[in-house]
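Visitor: Input: one structure, supplied below.
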Amino acid sequence: MKVIVAAFISAFLFGVGLALAGMTLPGKVIGFLDLTGNWDPSLALVMVGAITVHAVSFRLIMKRPSPLFSPKFLVPTRRDIDAKLVVGSLIFGVGWGLGGFCPGPALVAFATGQPKVLYFVASMCAGVVFHRLYSKVITK
Amino acid sequence: MTLVSLSSEQLIMPLIGGGVIGVAVSLLLLLIGRVFGVSGILGGALFPVKGDTDWRLAAILGFLAAGLVMAQLMPATMAAETPSEIWVYCLAGLLVGFGTQLGSGCTSGHGVCGISRLSPRSIIATLCFMSSGIATVALVRALGGIP
């Protein structure tokens, strides 16, 4: 139960941060990526704010033997660069540039009930399912 | 390239929002030891693994709740209309869903959490999705899709 409440509260706070930052406005996100046109660099400050806080807190938190409500930390340790990482990230960027939504802000904006957001989130879930089918075919 | 003019509020809000995001991902790490990657949470929620699903569903509910609250308190922050048509959002969603699963992360897992711990994979991933995002917007603009 503690784990569920912790996840809910963290995500709620994350969602509030995304909205305050302007990440839930697809037009603003596209403006941030519009280097060849009318560039709005302000969303770079979202990364600056988030990374400044977390770069410090991450190091402090990882000094603990374990998290408060779970037996151990599960932080990725891979360091290799493979084709999947590069190609997948490139594909994600194309979708991000087209729609102006990345996954978090899309889920937050889902609550507005705007048809465009609903179609985006439904398609995003379909994309996750396609990837699962694709990776099953590839590994056979 | 031209720069849009920005008020001080338009600069301060992204910084504050980013700080709040930094606190949120730190909270999840401190409390349950997980990296706050939204695409990973979504993937694990759609394809449940026993004993590792409840917190993911709770996180998705947390996002939806934040959206409901912010739409009431600060409606100007929520999903303003863009000129793109529905099919663009469908294509974009498919690419975001597929790409983030193949690339093991998105703006949160790679861009915030990964860069904060200087993960080489996340730094490369972030450079990739930033570059292809910029290239895509440039192409859309060249084709007349941005007014």
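A note on labels: chains of the structure tokens are A, B, ... as shown, every chain counts residues from 1, and ligands are counted from 1 in their shown order.
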Residues of segment 25-107 of chain A classed as alpha helix (DSSP H) by DSSP on the backbone are to be reported as number ranges by chain.
Guide: A: 26-33, 44-61, 83-99, 103-107
Visitor: Can you pull out the residues contacting Ser104 of chain B? Cut-off 10 Å, using only C-alpha atoms, and skip same-chain residues under 4 positions away; I want them as a VMD selection string.
Guide: (chain A and resid 84 to 86 88 to 89) or (chain B and resid 37 39 to 40 43 98 to 100 109 to 110 121 to 122 125)
Visitor: My list of candidates is B:Gly62, B:Ile32, B:Val20, B:Glu81. Which is closest to Pro26 of chain A when distances are computed with only C-alpha atoms?
Guide: B:Glu81
Visitor: Using only C-alpha atoms, determine which residues lie at most 9 Å from segment 114-125 of chain A, disregarding the query and same-chain residues fewer than 3 positions distant; provide the list as a ChimeraX atom specification.
Guide: /A:99,101,103,106-107,109-111,128-130 /B:42-43,46,79,81,84-98
Visitor: Which one is closest to Gly22 of chain A: B:Leu30, B:Leu143, B:Ile16, B:Leu68? Count only C-alpha atoms.
Guide: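 Nearest candidate to Gly22 of chain A out of B:Leu30, B:Leu143, B:Ile16, B:Leu68: B:Ile16.
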Visitor: What does the structure give for the distance between atom CA of Leu118 of chain B and atom CA of Ala135 of chain B, in Å to one decimal?
Guide: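 Atom CA of Ala135 of chain B lies at a distance of 25.1 Å from atom CA of Leu118 of chain B.
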Visitor: Can you list, as a list of chain:residue names, every protein, DNA or RNA residue that comes within 10 Å of Leu74 of chain A when you count only C-alpha atoms, leaving out same-chain residues fewer than 2 positions away?
Guide: A:Ser66, A:Pro67, A:Ser70, A:Pro71, A:Lys72, A:Pro76, A:Thr77, B:Leu29, B:Ile32, B:Gly33, B:Arg34, B:Val35
Visitor: What gap, in Å, lies between atom CA of Gly114 of chain B and atom CA of Ala55 of chain A?
Guide: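 Between atom CA of Gly114 of chain B and atom CA of Ala55 of chain A the gap works out to 9.5 Å.
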Visitor: Determine, counting only C-alpha atoms, which protein, DNA and RNA residues have an atom within 9 Å of an atom of Gly22 of chain B; residues of the same chain fewer than 6 positions away are not included. Present the result as an mmCIF file with N, CA and C atoms, in the first residue's frame.
Guide:
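Result file is part_0.cif:
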data_model
loop_
_atom_site.group_PDB
_atom_site.id
_atom_site.type_symbol
_atom_site.label_atom_id
_atom_site.label_comp_id
_atom_site.auth_asym_id
_atom_site.auth_seq_id
_atom_site.Cartn_x
_atom_site.Cartn_y
_atom_site.Cartn_z
ATOM 1 N N PHE A 14 4.916 15.110 -10.292
ATOM 2 C CA PHE A 14 5.553 15.154 -11.611
ATOM 3 C C PHE A 14 4.603 15.828 -12.606
ATOM 4 N N GLY A 17 4.342 19.506 -12.088
ATOM 5 C CA GLY A 17 5.568 20.127 -12.598
ATOM 6 C C GLY A 17 5.541 20.264 -14.115
ATOM 7 N N MET A 47 14.634 21.142 -18.334
ATOM 8 C CA MET A 47 15.716 20.172 -18.150
ATOM 9 C C MET A 47 16.738 20.694 -17.135
ATOM 10 N N GLY A 49 16.258 22.798 -14.644
ATOM 11 C CA GLY A 49 15.683 22.727 -13.296
ATOM 12 C C GLY A 49 15.644 21.301 -12.775
ATOM 13 N N ALA A 50 15.146 20.389 -13.603
ATOM 14 C CA ALA A 50 14.973 18.998 -13.147
ATOM 15 C C ALA A 50 16.325 18.330 -12.904
ATOM 16 N N ILE A 51 17.263 18.526 -13.833
ATOM 17 C CA ILE A 51 18.555 17.845 -13.703
ATOM 18 C C ILE A 51 19.369 18.435 -12.549
ATOM 19 N N THR A 52 19.275 19.747 -12.338
ATOM 20 C CA THR A 52 20.012 20.358 -11.226
ATOM 21 C C THR A 52 19.569 19.738 -9.894
ATOM 22 N N VAL A 53 18.254 19.616 -9.721
ATOM 23 C CA VAL A 53 17.739 19.025 -8.475
ATOM 24 C C VAL A 53 18.145 17.562 -8.372
ATOM 25 N N HIS A 54 17.879 16.809 -9.459
ATOM 26 C CA HIS A 54 18.046 15.352 -9.347
ATOM 27 C C HIS A 54 19.514 14.915 -9.362
ATOM 28 N N ALA A 55 20.383 15.678 -10.027
ATOM 29 C CA ALA A 55 21.799 15.302 -10.044
ATOM 30 C C ALA A 55 22.353 15.308 -8.615
ATOM 31 N N SER A 57 20.262 15.219 -5.678
ATOM 32 C CA SER A 57 19.482 14.318 -4.813
ATOM 33 C C SER A 57 19.804 12.856 -5.131
ATOM 34 N N VAL B 112 15.805 13.204 -18.032
ATOM 35 C CA VAL B 112 15.965 13.741 -16.674
ATOM 36 C C VAL B 112 16.767 12.768 -15.797
ATOM 37 N N CYS B 113 16.245 11.541 -15.617
ATOM 38 C CA CYS B 113 16.883 10.613 -14.671
ATOM 39 C C CYS B 113 18.258 10.167 -15.167
#
Visitor: Taking only C-alpha atoms into account, name the residue in A:Ala83, A:Val137, A:Leu68, A:Met62 that is nearest to chain B.
Guide: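 For chain B, the nearest of the candidates is A:Leu68.
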Visitor: Quick one: pull the distance between atom CA of Ser7 of chain B and atom CA of Asp40 of chain A, Å, one decimal.
Guide: 11.5 Å
